[in-house]
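> There's a structure below that I have some questions on.
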Amino acid sequence: MTSSGKLVVVGQGYVGLPVAMRAVEAGWRVVGVDVDAGRVKRLAAGESYVEDVSRDRLAAALDSGRYEPTADFAAAAGFDVAVVTVPTPLREGAPDLGYVVEAARSLAPLVTPGATVVLESTTYPGTTEELFGPLLEEGSGLTAGDDFRLGYSPERIDPGNPTWRLENTPKVVSGVNDASLEAVRAFYDSLVDRTVSVASTRTAELTKLLENTFRHVNIALVNELAMFAHELGVDVWEAIDAASTKPFGFMPFRPGPGAGGHCLPIDPSYLSWRVRRRLGRSFRFVELANDINDHMPDHVVRRVIDMLNRRGRSVSGSRILLLGLAYKRNTGDSRESPAARVAALLADLGAGVFAADPHVDPAQAPGRVALVDADAAQIAAADLVVVLVDHDAFCRDLVMRHATAVLDTRRWLPAASTRAAGAPADREQTGALPGPALDSTADVPAAATDSPVRVVVPAPRSAPRRALIESL
């Protein structure tokens with residue numbers, strides 16, 4: 001235990017809750033504030049909705065007596081350190097800092113001389129000094145840097161990553177002056193193995209945007225390359241693997257159905273918006289990357305149409321099974337997931353859209369999608385299976401044995417099993433048995449329902465099947 005001070009963490013989501021848990025383990029007395037009363041109730045009952053925070057870890061924090069989830073900012077009075085981890089979404093292409101503004105206004109009356117306040121929410125360079133700090137000063141009557149410490153430290157939470165966690169991921173820290181930097185660094189030194197100091201809050205804010213813009217642009221590169229490679233008859237995945245053997249000057253990125261999550265579809269746009277607003281110029285790399293990644297779901301649907309057409313089938317009336325609704329593997333985080341766009345496009349074309357994802361909360365599933373289990377019956381009943389997320393919970397063998405055709409956007413299935421475009425795929429051609437007759441419930445197209453429903457179909461007769469498998 002390294003501290004007995006009081007910490008308030010504003011926002012108890014994918015970023016704030018792990019910070020709160022780690023701080024409790026480091027000896028801090030933590031008040032976790034969230035305006036969502038439902039979240040607070042679940043946390044108080046020991047129910048974690050963040051996969052990186054287990055129920056046992058949350059229970060230990062509650063049992064320690066040093067963690068209090070609440071929707072009442074009054075409970076944060078007398079804090080030594082406050083960390084703000086609220087969402088910063090885009091609204092019609094512009095940053096929405098409404099949650100940051102409200103957090104600052106709620107914290108300001110509670111700021112006392114000597115306290116430290118840190119913003120972690122992703123934002124554009126200048127936010128801490130030009131918006132967040134002045135709001136704290138206005139509401140407290142104190143001066144940032146002199147009376148209280150103020151800094152920025154970008155979050156680097158990677159949901160579902162078992163290797164790089166909060167405590168062993170280097171933490172970038174900054175302050176509005178030297179005293180603030182020292183206070184911010186001292187706080188995070190109590191939580192993480194290594195801190196990295198930068199000279200200003202603007203630099204720290206840009207660091208976060210740079211990290212995700214780098215990923216966004218390179219993902220867009222391989223996504224566009226994947227489109228062209230398919231048309232040229234080249235296996236882009238094999239080319240990427242081969243290029244990865246170069247020990248210098250190359251870093252592998254891999255294509256997928258689009259960019260999702262709370263960072264990639266949003267953070268680069270913050271930077272582009274700031275450049276255009278402040279400098280009057282366009283950030284062309286970001287805008288091009290946005291265009292490519294935003295339209296990857298359209299490319300996926302075009303591939304679905306092509307695969308069905310080559311088998312003499314129309315999208316309209318076909319049964320499509322989507323494996324995965326989250327934006328990344330082994331998490332339930334569906335924020336900005338490209339799966340929602342894929343599902344909507346297919347439903348618009350008249351397909352019956354079914355989806356399986358054991359991680360995603362059914363309440364977060366897209367509309368016009370029937371939720372099912374990724375079992376042999378559902379796989380065999382589908383005219384086409386689309387692998388959108390390579391969750392460990394999905395069984396490759398089931399897909400290989402029972403699917404008629406698969407579009408694999410993650411190269412999840414063994415490359416050796418992939419057949420060239422146009423290879424025989426119909427059940428009659430491959431010697432597989434016809435799929436099972438569907439009951440009346442399962443036969444209702446997913447497009448006919450406004451909310452997710454769970455559908456059950458009879459188990460298929462066991463028979464070997466050679467599926468037509470194509471990669472993105």
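Going by the structure tokens order, chains are called A, B, ..., each with residues numbered from 1, while ligands are numbered from 1 in the order shown.
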Could you find all residues in range 126-251 of chain A that DSSP calls helix (DSSP H, G or I) from the backbone, and write them as a PDB file with N, CA, C and O atoms, in the first residue's frame?


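New file result.pdb:
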```
ATOM      1  N   THR A 127      -7.308  21.462 -24.936  1.00  0.00           N
ATOM      2  CA  THR A 127      -8.519  21.324 -24.127  1.00  0.00           C
ATOM      3  C   THR A 127      -8.257  21.565 -22.648  1.00  0.00           C
ATOM      4  O   THR A 127      -9.018  22.270 -21.973  1.00  0.00           O
ATOM      5  N   THR A 128      -7.195  20.990 -22.109  1.00  0.00           N
ATOM      6  CA  THR A 128      -6.928  21.105 -20.677  1.00  0.00           C
ATOM      7  C   THR A 128      -6.712  22.557 -20.268  1.00  0.00           C
ATOM      8  O   THR A 128      -7.284  23.029 -19.268  1.00  0.00           O
ATOM      9  N   GLU A 129      -5.916  23.275 -21.044  1.00  0.00           N
ATOM     10  CA  GLU A 129      -5.583  24.651 -20.680  1.00  0.00           C
ATOM     11  C   GLU A 129      -6.658  25.656 -21.082  1.00  0.00           C
ATOM     12  O   GLU A 129      -6.836  26.675 -20.408  1.00  0.00           O
ATOM     13  N   GLU A 130      -7.370  25.380 -22.173  1.00  0.00           N
ATOM     14  CA  GLU A 130      -8.302  26.373 -22.696  1.00  0.00           C
ATOM     15  C   GLU A 130      -9.740  26.169 -22.228  1.00  0.00           C
ATOM     16  O   GLU A 130     -10.534  27.116 -22.235  1.00  0.00           O
ATOM     17  N   LEU A 131     -10.112  24.965 -21.850  1.00  0.00           N
ATOM     18  CA  LEU A 131     -11.495  24.669 -21.467  1.00  0.00           C
ATOM     19  C   LEU A 131     -11.606  24.080 -20.075  1.00  0.00           C
ATOM     20  O   LEU A 131     -12.268  24.653 -19.196  1.00  0.00           O
ATOM     21  N   PHE A 132     -10.948  22.965 -19.850  1.00  0.00           N
ATOM     22  CA  PHE A 132     -11.099  22.235 -18.590  1.00  0.00           C
ATOM     23  C   PHE A 132     -10.585  23.049 -17.406  1.00  0.00           C
ATOM     24  O   PHE A 132     -11.297  23.234 -16.403  1.00  0.00           O
ATOM     25  N   GLY A 133      -9.362  23.568 -17.517  1.00  0.00           N
ATOM     26  CA  GLY A 133      -8.773  24.345 -16.431  1.00  0.00           C
ATOM     27  C   GLY A 133      -9.565  25.593 -16.087  1.00  0.00           C
ATOM     28  O   GLY A 133      -9.873  25.837 -14.902  1.00  0.00           O
ATOM     29  N   PRO A 134      -9.920  26.428 -17.075  1.00  0.00           N
ATOM     30  CA  PRO A 134     -10.700  27.625 -16.773  1.00  0.00           C
ATOM     31  C   PRO A 134     -12.033  27.333 -16.081  1.00  0.00           C
ATOM     32  O   PRO A 134     -12.476  28.107 -15.220  1.00  0.00           O
ATOM     33  N   LEU A 135     -12.697  26.234 -16.444  1.00  0.00           N
ATOM     34  CA  LEU A 135     -13.944  25.879 -15.761  1.00  0.00           C
ATOM     35  C   LEU A 135     -13.694  25.535 -14.299  1.00  0.00           C
ATOM     36  O   LEU A 135     -14.488  25.905 -13.420  1.00  0.00           O
ATOM     37  N   LEU A 136     -12.596  24.828 -14.027  1.00  0.00           N
ATOM     38  CA  LEU A 136     -12.250  24.509 -12.643  1.00  0.00           C
ATOM     39  C   LEU A 136     -11.916  25.780 -11.861  1.00  0.00           C
ATOM     40  O   LEU A 136     -12.302  25.933 -10.693  1.00  0.00           O
ATOM     41  N   GLU A 137     -11.205  26.689 -12.487  1.00  0.00           N
ATOM     42  CA  GLU A 137     -10.845  27.949 -11.831  1.00  0.00           C
ATOM     43  C   GLU A 137     -12.090  28.788 -11.538  1.00  0.00           C
ATOM     44  O   GLU A 137     -12.242  29.364 -10.451  1.00  0.00           O
ATOM     45  N   GLU A 138     -12.977  28.856 -12.507  1.00  0.00           N
ATOM     46  CA  GLU A 138     -14.185  29.654 -12.342  1.00  0.00           C
ATOM     47  C   GLU A 138     -15.040  29.151 -11.193  1.00  0.00           C
ATOM     48  O   GLU A 138     -15.584  29.937 -10.408  1.00  0.00           O
ATOM     49  N   GLY A 139     -15.184  27.824 -11.100  1.00  0.00           N
ATOM     50  CA  GLY A 139     -16.049  27.261 -10.068  1.00  0.00           C
ATOM     51  C   GLY A 139     -15.420  27.143  -8.703  1.00  0.00           C
ATOM     52  O   GLY A 139     -16.125  26.981  -7.700  1.00  0.00           O
ATOM     53  N   SER A 140     -14.078  27.202  -8.641  1.00  0.00           N
ATOM     54  CA  SER A 140     -13.395  27.052  -7.348  1.00  0.00           C
ATOM     55  C   SER A 140     -12.850  28.357  -6.797  1.00  0.00           C
ATOM     56  O   SER A 140     -12.589  28.468  -5.583  1.00  0.00           O
ATOM     57  N   ASP A 178       5.466  23.001 -13.713  1.00  0.00           N
ATOM     58  CA  ASP A 178       6.338  21.967 -13.134  1.00  0.00           C
ATOM     59  C   ASP A 178       5.727  21.330 -11.895  1.00  0.00           C
ATOM     60  O   ASP A 178       5.825  20.113 -11.698  1.00  0.00           O
ATOM     61  N   ALA A 179       5.110  22.143 -11.042  1.00  0.00           N
ATOM     62  CA  ALA A 179       4.511  21.597  -9.823  1.00  0.00           C
ATOM     63  C   ALA A 179       3.370  20.638 -10.156  1.00  0.00           C
ATOM     64  O   ALA A 179       3.201  19.597  -9.514  1.00  0.00           O
ATOM     65  N   SER A 180       2.595  20.990 -11.178  1.00  0.00           N
ATOM     66  CA  SER A 180       1.495  20.112 -11.589  1.00  0.00           C
ATOM     67  C   SER A 180       2.022  18.811 -12.170  1.00  0.00           C
ATOM     68  O   SER A 180       1.512  17.720 -11.871  1.00  0.00           O
ATOM     69  N   LEU A 181       3.059  18.909 -13.007  1.00  0.00           N
ATOM     70  CA  LEU A 181       3.644  17.701 -13.590  1.00  0.00           C
ATOM     71  C   LEU A 181       4.142  16.772 -12.497  1.00  0.00           C
ATOM     72  O   LEU A 181       3.913  15.558 -12.552  1.00  0.00           O
ATOM     73  N   GLU A 182       4.794  17.326 -11.502  1.00  0.00           N
ATOM     74  CA  GLU A 182       5.322  16.495 -10.418  1.00  0.00           C
ATOM     75  C   GLU A 182       4.188  15.804  -9.661  1.00  0.00           C
ATOM     76  O   GLU A 182       4.286  14.623  -9.304  1.00  0.00           O
ATOM     77  N   ALA A 183       3.102  16.518  -9.406  1.00  0.00           N
ATOM     78  CA  ALA A 183       1.979  15.933  -8.675  1.00  0.00           C
ATOM     79  C   ALA A 183       1.298  14.840  -9.492  1.00  0.00           C
ATOM     80  O   ALA A 183       0.943  13.779  -8.971  1.00  0.00           O
ATOM     81  N   VAL A 184       1.102  15.101 -10.795  1.00  0.00           N
ATOM     82  CA  VAL A 184       0.469  14.111 -11.663  1.00  0.00           C
ATOM     83  C   VAL A 184       1.344  12.868 -11.774  1.00  0.00           C
ATOM     84  O   VAL A 184       0.864  11.734 -11.693  1.00  0.00           O
ATOM     85  N   ARG A 185       2.644  13.081 -11.947  1.00  0.00           N
ATOM     86  CA  ARG A 185       3.562  11.948 -12.055  1.00  0.00           C
ATOM     87  C   ARG A 185       3.582  11.136 -10.765  1.00  0.00           C
ATOM     88  O   ARG A 185       3.572   9.896 -10.797  1.00  0.00           O
ATOM     89  N   ALA A 186       3.586  11.805  -9.621  1.00  0.00           N
ATOM     90  CA  ALA A 186       3.615  11.095  -8.341  1.00  0.00           C
ATOM     91  C   ALA A 186       2.367  10.238  -8.166  1.00  0.00           C
ATOM     92  O   ALA A 186       2.438   9.099  -7.669  1.00  0.00           O
ATOM     93  N   PHE A 187       1.225  10.757  -8.600  1.00  0.00           N
ATOM     94  CA  PHE A 187      -0.003   9.969  -8.484  1.00  0.00           C
ATOM     95  C   PHE A 187       0.078   8.710  -9.330  1.00  0.00           C
ATOM     96  O   PHE A 187      -0.159   7.599  -8.844  1.00  0.00           O
ATOM     97  N   TYR A 188       0.431   8.846 -10.610  1.00  0.00           N
ATOM     98  CA  TYR A 188       0.457   7.673 -11.475  1.00  0.00           C
ATOM     99  C   TYR A 188       1.606   6.729 -11.142  1.00  0.00           C
ATOM    100  O   TYR A 188       1.513   5.524 -11.408  1.00  0.00           O
ATOM    101  N   ASP A 189       2.665   7.245 -10.554  1.00  0.00           N
ATOM    102  CA  ASP A 189       3.737   6.356 -10.086  1.00  0.00           C
ATOM    103  C   ASP A 189       3.223   5.377  -9.036  1.00  0.00           C
ATOM    104  O   ASP A 189       3.789   4.296  -8.854  1.00  0.00           O
ATOM    105  N   THR A 201       0.662  19.875 -21.499  1.00  0.00           N
ATOM    106  CA  THR A 201      -0.581  19.118 -21.657  1.00  0.00           C
ATOM    107  C   THR A 201      -0.951  18.987 -23.132  1.00  0.00           C
ATOM    108  O   THR A 201      -1.541  17.989 -23.550  1.00  0.00           O
ATOM    109  N   ARG A 202      -0.597  19.989 -23.944  1.00  0.00           N
ATOM    110  CA  ARG A 202      -0.893  19.909 -25.374  1.00  0.00           C
ATOM    111  C   ARG A 202      -0.130  18.741 -26.020  1.00  0.00           C
ATOM    112  O   ARG A 202      -0.659  18.045 -26.891  1.00  0.00           O
ATOM    113  N   THR A 203       1.106  18.555 -25.601  1.00  0.00           N
ATOM    114  CA  THR A 203       1.886  17.443 -26.133  1.00  0.00           C
ATOM    115  C   THR A 203       1.250  16.113 -25.747  1.00  0.00           C
ATOM    116  O   THR A 203       1.151  15.194 -26.564  1.00  0.00           O
ATOM    117  N   ALA A 204       0.802  15.998 -24.503  1.00  0.00           N
ATOM    118  CA  ALA A 204       0.168  14.762 -24.050  1.00  0.00           C
ATOM    119  C   ALA A 204      -1.142  14.520 -24.793  1.00  0.00           C
ATOM    120  O   ALA A 204      -1.462  13.377 -25.157  1.00  0.00           O
ATOM    121  N   GLU A 205      -1.896  15.584 -25.018  1.00  0.00           N
ATOM    122  CA  GLU A 205      -3.152  15.443 -25.760  1.00  0.00           C
ATOM    123  C   GLU A 205      -2.891  14.998 -27.192  1.00  0.00           C
ATOM    124  O   GLU A 205      -3.603  14.139 -27.736  1.00  0.00           O
ATOM    125  N   LEU A 206      -1.861  15.563 -27.817  1.00  0.00           N
ATOM    126  CA  LEU A 206      -1.507  15.165 -29.179  1.00  0.00           C
ATOM    127  C   LEU A 206      -0.969  13.738 -29.221  1.00  0.00           C
ATOM    128  O   LEU A 206      -1.198  13.011 -30.189  1.00  0.00           O
ATOM    129  N   THR A 207      -0.265  13.327 -28.177  1.00  0.00           N
ATOM    130  CA  THR A 207       0.286  11.971 -28.124  1.00  0.00           C
ATOM    131  C   THR A 207      -0.812  10.927 -28.303  1.00  0.00           C
ATOM    132  O   THR A 207      -0.670   9.971 -29.073  1.00  0.00           O
ATOM    133  N   LYS A 208      -1.916  11.110 -27.588  1.00  0.00           N
ATOM    134  CA  LYS A 208      -3.025  10.164 -27.696  1.00  0.00           C
ATOM    135  C   LYS A 208      -3.580  10.130 -29.115  1.00  0.00           C
ATOM    136  O   LYS A 208      -3.834   9.054 -29.688  1.00  0.00           O
ATOM    137  N   LEU A 209      -3.768  11.307 -29.703  1.00  0.00           N
ATOM    138  CA  LEU A 209      -4.311  11.360 -31.057  1.00  0.00           C
ATOM    139  C   LEU A 209      -3.332  10.778 -32.068  1.00  0.00           C
ATOM    140  O   LEU A 209      -3.742  10.120 -33.033  1.00  0.00           O
ATOM    141  N   LEU A 210      -2.039  11.011 -31.856  1.00  0.00           N
ATOM    142  CA  LEU A 210      -1.025  10.465 -32.756  1.00  0.00           C
ATOM    143  C   LEU A 210      -1.035   8.942 -32.725  1.00  0.00           C
ATOM    144  O   LEU A 210      -0.970   8.283 -33.772  1.00  0.00           O
ATOM    145  N   GLU A 211      -1.101   8.364 -31.530  1.00  0.00           N
ATOM    146  CA  GLU A 211      -1.094   6.904 -31.408  1.00  0.00           C
ATOM    147  C   GLU A 211      -2.227   6.274 -32.223  1.00  0.00           C
ATOM    148  O   GLU A 211      -2.011   5.306 -32.957  1.00  0.00           O
ATOM    149  N   ASN A 212      -3.416   6.824 -32.092  1.00  0.00           N
ATOM    150  CA  ASN A 212      -4.554   6.211 -32.763  1.00  0.00           C
ATOM    151  C   ASN A 212      -4.671   6.619 -34.221  1.00  0.00           C
ATOM    152  O   ASN A 212      -5.198   5.859 -35.041  1.00  0.00           O
ATOM    153  N   THR A 213      -4.178   7.806 -34.570  1.00  0.00           N
ATOM    154  CA  THR A 213      -4.155   8.183 -35.979  1.00  0.00           C
ATOM    155  C   THR A 213      -3.181   7.291 -36.747  1.00  0.00           C
ATOM    156  O   THR A 213      -3.453   6.883 -37.882  1.00  0.00           O
ATOM    157  N   PHE A 214      -2.052   6.957 -36.130  1.00  0.00           N
ATOM    158  CA  PHE A 214      -1.084   6.042 -36.725  1.00  0.00           C
ATOM    159  C   PHE A 214      -1.738   4.709 -37.057  1.00  0.00           C
ATOM    160  O   PHE A 214      -1.608   4.177 -38.178  1.00  0.00           O
ATOM    161  N   ARG A 215      -2.480   4.168 -36.114  1.00  0.00           N
ATOM    162  CA  ARG A 215      -3.161   2.889 -36.336  1.00  0.00           C
ATOM    163  C   ARG A 215      -4.249   3.032 -37.398  1.00  0.00           C
ATOM    164  O   ARG A 215      -4.392   2.191 -38.288  1.00  0.00           O
ATOM    165  N   HIS A 216      -5.010   4.110 -37.288  1.00  0.00           N
ATOM    166  CA  HIS A 216      -6.141   4.316 -38.194  1.00  0.00           C
ATOM    167  C   HIS A 216      -5.677   4.401 -39.650  1.00  0.00           C
ATOM    168  O   HIS A 216      -6.258   3.763 -40.538  1.00  0.00           O
ATOM    169  N   VAL A 217      -4.628   5.170 -39.889  1.00  0.00           N
ATOM    170  CA  VAL A 217      -4.126   5.359 -41.246  1.00  0.00           C
ATOM    171  C   VAL A 217      -3.557   4.053 -41.804  1.00  0.00           C
ATOM    172  O   VAL A 217      -3.797   3.697 -42.968  1.00  0.00           O
ATOM    173  N   ASN A 218      -2.827   3.316 -40.999  1.00  0.00           N
ATOM    174  CA  ASN A 218      -2.234   2.067 -41.473  1.00  0.00           C
ATOM    175  C   ASN A 218      -3.272   0.972 -41.674  1.00  0.00           C
ATOM    176  O   ASN A 218      -3.134   0.141 -42.584  1.00  0.00           O
ATOM    177  N   ILE A 219      -4.300   0.963 -40.853  1.00  0.00           N
ATOM    178  CA  ILE A 219      -5.395   0.008 -41.069  1.00  0.00           C
ATOM    179  C   ILE A 219      -6.117   0.340 -42.365  1.00  0.00           C
ATOM    180  O   ILE A 219      -6.498  -0.551 -43.139  1.00  0.00           O
ATOM    181  N   ALA A 220      -6.309   1.633 -42.623  1.00  0.00           N
ATOM    182  CA  ALA A 220      -6.941   2.033 -43.878  1.00  0.00           C
ATOM    183  C   ALA A 220      -6.101   1.587 -45.071  1.00  0.00           C
ATOM    184  O   ALA A 220      -6.645   1.156 -46.103  1.00  0.00           O
ATOM    185  N   LEU A 221      -4.779   1.686 -44.944  1.00  0.00           N
ATOM    186  CA  LEU A 221      -3.889   1.259 -46.023  1.00  0.00           C
ATOM    187  C   LEU A 221      -4.110  -0.211 -46.370  1.00  0.00           C
ATOM    188  O   LEU A 221      -4.298  -0.572 -47.541  1.00  0.00           O
ATOM    189  N   VAL A 222      -4.097  -1.076 -45.351  1.00  0.00           N
ATOM    190  CA  VAL A 222      -4.245  -2.507 -45.648  1.00  0.00           C
ATOM    191  C   VAL A 222      -5.677  -2.850 -46.031  1.00  0.00           C
ATOM    192  O   VAL A 222      -5.915  -3.806 -46.777  1.00  0.00           O
ATOM    193  N   ASN A 223      -6.657  -2.088 -45.528  1.00  0.00           N
ATOM    194  CA  ASN A 223      -8.030  -2.331 -45.950  1.00  0.00           C
ATOM    195  C   ASN A 223      -8.212  -2.057 -47.437  1.00  0.00           C
ATOM    196  O   ASN A 223      -8.825  -2.849 -48.167  1.00  0.00           O
ATOM    197  N   GLU A 224      -7.674  -0.926 -47.897  1.00  0.00           N
ATOM    198  CA  GLU A 224      -7.787  -0.632 -49.321  1.00  0.00           C
ATOM    199  C   GLU A 224      -6.966  -1.628 -50.134  1.00  0.00           C
ATOM    200  O   GLU A 224      -7.380  -2.059 -51.210  1.00  0.00           O
ATOM    201  N   LEU A 225      -5.814  -2.001 -49.622  1.00  0.00           N
ATOM    202  CA  LEU A 225      -4.990  -2.994 -50.303  1.00  0.00           C
ATOM    203  C   LEU A 225      -5.725  -4.320 -50.423  1.00  0.00           C
ATOM    204  O   LEU A 225      -5.630  -5.013 -51.450  1.00  0.00           O
ATOM    205  N   ALA A 226      -6.475  -4.686 -49.377  1.00  0.00           N
ATOM    206  CA  ALA A 226      -7.231  -5.944 -49.408  1.00  0.00           C
ATOM    207  C   ALA A 226      -8.268  -5.930 -50.526  1.00  0.00           C
ATOM    208  O   ALA A 226      -8.487  -6.943 -51.201  1.00  0.00           O
ATOM    209  N   MET A 227      -8.919  -4.789 -50.730  1.00  0.00           N
ATOM    210  CA  MET A 227      -9.906  -4.689 -51.814  1.00  0.00           C
ATOM    211  C   MET A 227      -9.255  -4.917 -53.174  1.00  0.00           C
ATOM    212  O   MET A 227      -9.738  -5.692 -53.995  1.00  0.00           O
ATOM    213  N   PHE A 228      -8.138  -4.240 -53.395  1.00  0.00           N
ATOM    214  CA  PHE A 228      -7.462  -4.357 -54.689  1.00  0.00           C
ATOM    215  C   PHE A 228      -6.847  -5.742 -54.869  1.00  0.00           C
ATOM    216  O   PHE A 228      -6.880  -6.321 -55.964  1.00  0.00           O
ATOM    217  N   ALA A 229      -6.262  -6.282 -53.794  1.00  0.00           N
ATOM    218  CA  ALA A 229      -5.622  -7.592 -53.889  1.00  0.00           C
ATOM    219  C   ALA A 229      -6.636  -8.665 -54.280  1.00  0.00           C
ATOM    220  O   ALA A 229      -6.341  -9.553 -55.082  1.00  0.00           O
ATOM    221  N   HIS A 230      -7.845  -8.584 -53.706  1.00  0.00           N
ATOM    222  CA  HIS A 230      -8.871  -9.565 -54.057  1.00  0.00           C
ATOM    223  C   HIS A 230      -9.178  -9.497 -55.541  1.00  0.00           C
ATOM    224  O   HIS A 230      -9.276 -10.525 -56.222  1.00  0.00           O
ATOM    225  N   GLU A 231      -9.330  -8.282 -56.075  1.00  0.00           N
ATOM    226  CA  GLU A 231      -9.651  -8.126 -57.490  1.00  0.00           C
ATOM    227  C   GLU A 231      -8.490  -8.551 -58.388  1.00  0.00           C
ATOM    228  O   GLU A 231      -8.695  -8.971 -59.528  1.00  0.00           O
ATOM    229  N   LEU A 232      -7.264  -8.456 -57.860  1.00  0.00           N
ATOM    230  CA  LEU A 232      -6.088  -8.862 -58.625  1.00  0.00           C
ATOM    231  C   LEU A 232      -5.777 -10.349 -58.463  1.00  0.00           C
ATOM    232  O   LEU A 232      -4.842 -10.864 -59.078  1.00  0.00           O
ATOM    233  N   VAL A 236      -3.767 -11.134 -49.907  1.00  0.00           N
ATOM    234  CA  VAL A 236      -3.145 -10.025 -49.179  1.00  0.00           C
ATOM    235  C   VAL A 236      -2.620 -10.478 -47.821  1.00  0.00           C
ATOM    236  O   VAL A 236      -1.618  -9.970 -47.327  1.00  0.00           O
ATOM    237  N   TRP A 237      -3.288 -11.453 -47.216  1.00  0.00           N
ATOM    238  CA  TRP A 237      -2.864 -11.938 -45.901  1.00  0.00           C
ATOM    239  C   TRP A 237      -1.485 -12.604 -45.998  1.00  0.00           C
ATOM    240  O   TRP A 237      -0.630 -12.395 -45.138  1.00  0.00           O
ATOM    241  N   GLU A 238      -1.290 -13.403 -47.035  1.00  0.00           N
ATOM    242  CA  GLU A 238       0.009 -14.042 -47.214  1.00  0.00           C
ATOM    243  C   GLU A 238       1.084 -12.995 -47.491  1.00  0.00           C
ATOM    244  O   GLU A 238       2.226 -13.110 -47.001  1.00  0.00           O
ATOM    245  N   ALA A 239       0.736 -11.966 -48.256  1.00  0.00           N
ATOM    246  CA  ALA A 239       1.697 -10.904 -48.538  1.00  0.00           C
ATOM    247  C   ALA A 239       2.096 -10.170 -47.263  1.00  0.00           C
ATOM    248  O   ALA A 239       3.272  -9.841 -47.055  1.00  0.00           O
ATOM    249  N   ILE A 240       1.126  -9.913 -46.393  1.00  0.00           N
ATOM    250  CA  ILE A 240       1.425  -9.242 -45.122  1.00  0.00           C
ATOM    251  C   ILE A 240       2.323 -10.120 -44.261  1.00  0.00           C
ATOM    252  O   ILE A 240       3.292  -9.645 -43.644  1.00  0.00           O
ATOM    253  N   ASP A 241       2.014 -11.412 -44.198  1.00  0.00           N
ATOM    254  CA  ASP A 241       2.860 -12.330 -43.429  1.00  0.00           C
ATOM    255  C   ASP A 241       4.284 -12.359 -43.970  1.00  0.00           C
ATOM    256  O   ASP A 241       5.257 -12.366 -43.207  1.00  0.00           O
ATOM    257  N   ALA A 242       4.403 -12.361 -45.291  1.00  0.00           N
ATOM    258  CA  ALA A 242       5.734 -12.395 -45.893  1.00  0.00           C
ATOM    259  C   ALA A 242       6.491 -11.097 -45.595  1.00  0.00           C
ATOM    260  O   ALA A 242       7.677 -11.114 -45.250  1.00  0.00           O
ATOM    261  N   ALA A 243       5.800  -9.963 -45.725  1.00  0.00           N
ATOM    262  CA  ALA A 243       6.444  -8.676 -45.438  1.00  0.00           C
ATOM    263  C   ALA A 243       6.865  -8.579 -43.978  1.00  0.00           C
ATOM    264  O   ALA A 243       7.860  -7.914 -43.644  1.00  0.00           O
TER     265      ALA A 243
END
```

> Could you pull the residues within 7 Å of range 97-101 of chain A, counting only C-alpha atoms, minus those fewer than 5 positions along the same chain, as a list of chain:residue names?

A:Val86, A:Pro87, A:Thr88, A:Phe132

> Those same residues, written as a compact mmCIF listing (two decimals), in the first residue's frame with N, CA and C atoms?


```
# COMPACT_ATOMS: atom_id res chain seq x y z
N VAL A 86 -14.43 10.71 -18.64
CA VAL A 86 -15.76 10.71 -19.25
C VAL A 86 -15.66 10.59 -20.77
N PRO A 87 -16.73 10.17 -21.45
CA PRO A 87 -16.70 10.03 -22.91
C PRO A 87 -16.54 11.37 -23.62
N THR A 88 -15.94 11.33 -24.79
CA THR A 88 -15.83 12.51 -25.65
C THR A 88 -16.21 12.09 -27.07
N PHE A 132 -10.95 22.97 -19.85
CA PHE A 132 -11.10 22.23 -18.59
C PHE A 132 -10.58 23.05 -17.41
```

> Looking only at the backbone, which of the residues in range 205-367 of chain A does DSSP tag as strand (DSSP E or B), as an MDAnalysis selection string?

chainID A and resid 319:323 352:356

> Please provide as an MDAnalysis selection string all residues within 7 Å of Ser318 in chain A, with the sequence filter that same-chain residues fewer than 4 positions apart are discarded (counting only C-alpha atoms).

chainID A and resid 314 351:352 383

> Mind writing the picked residues with C-alpha atoms as a CSV table (one decimal), in the first residue's frame?


```
chain,number,residue,atom,x,y,z
A,314,SER,CA,-29.9,-13.5,-54.0
A,351,ALA,CA,-31.6,-10.7,-45.9
A,352,GLY,CA,-32.6,-12.5,-42.8
A,383,ASP,CA,-26.7,-19.6,-46.6
```

> Between CA of Pro95 in chain A and CA of Thr123 in chain A, what is the distance, to one decimal in Å?

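For CA of Pro95 in chain A relative to CA of Thr123 in chain A, the distance reads 7.8 Å.
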
> May I have the residues within 10 Å of Val24 in chain A as a tab-separated table (two decimals) with C-alpha atoms, in the first residue's frame, using only C-alpha atoms and disregarding those fewer than 3 positions away in the same chain?


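Output below, filename out-v9.tsv:
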```tsv
chain	number	residue	atom	x	y	z
A	1	MET	CA	0.00	0.00	0.00
A	3	SER	CA	-1.27	5.83	-0.19
A	4	SER	CA	-4.19	6.55	2.12
A	7	LEU	CA	-9.19	9.77	-5.05
A	18	PRO	CA	-9.95	-0.09	-14.16
A	19	VAL	CA	-8.31	3.09	-12.81
A	20	ALA	CA	-10.51	2.92	-9.72
A	21	MET	CA	-9.76	-0.76	-9.12
A	27	GLY	CA	-4.13	1.83	-1.13
A	28	TRP	CA	-6.15	4.82	-2.26
A	29	ARG	CA	-9.63	5.54	-0.88
A	30	VAL	CA	-11.64	5.77	-4.08
A	31	VAL	CA	-14.96	7.37	-4.87
A	58	LEU	CA	-14.72	-5.66	-7.83
A	60	ALA	CA	-12.37	-7.27	-3.23
A	61	ALA	CA	-12.47	-3.52	-3.79
A	62	LEU	CA	-15.90	-3.24	-2.18
A	64	SER	CA	-11.82	-3.38	1.39
A	65	GLY	CA	-14.07	-0.48	2.32
A	66	ARG	CA	-11.98	1.80	0.12
A	67	TYR	CA	-14.25	1.86	-2.93
A	191	LEU	CA	-0.49	2.96	-9.93
```

> Could you work out how far CA of Gly312 in chain A lies from CA of Pro338 in chain A, giving the answer in Å with one decimal?

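Taking CA of Pro338 in chain A as the start and CA of Gly312 in chain A as the end point, the length is 27.2 Å.
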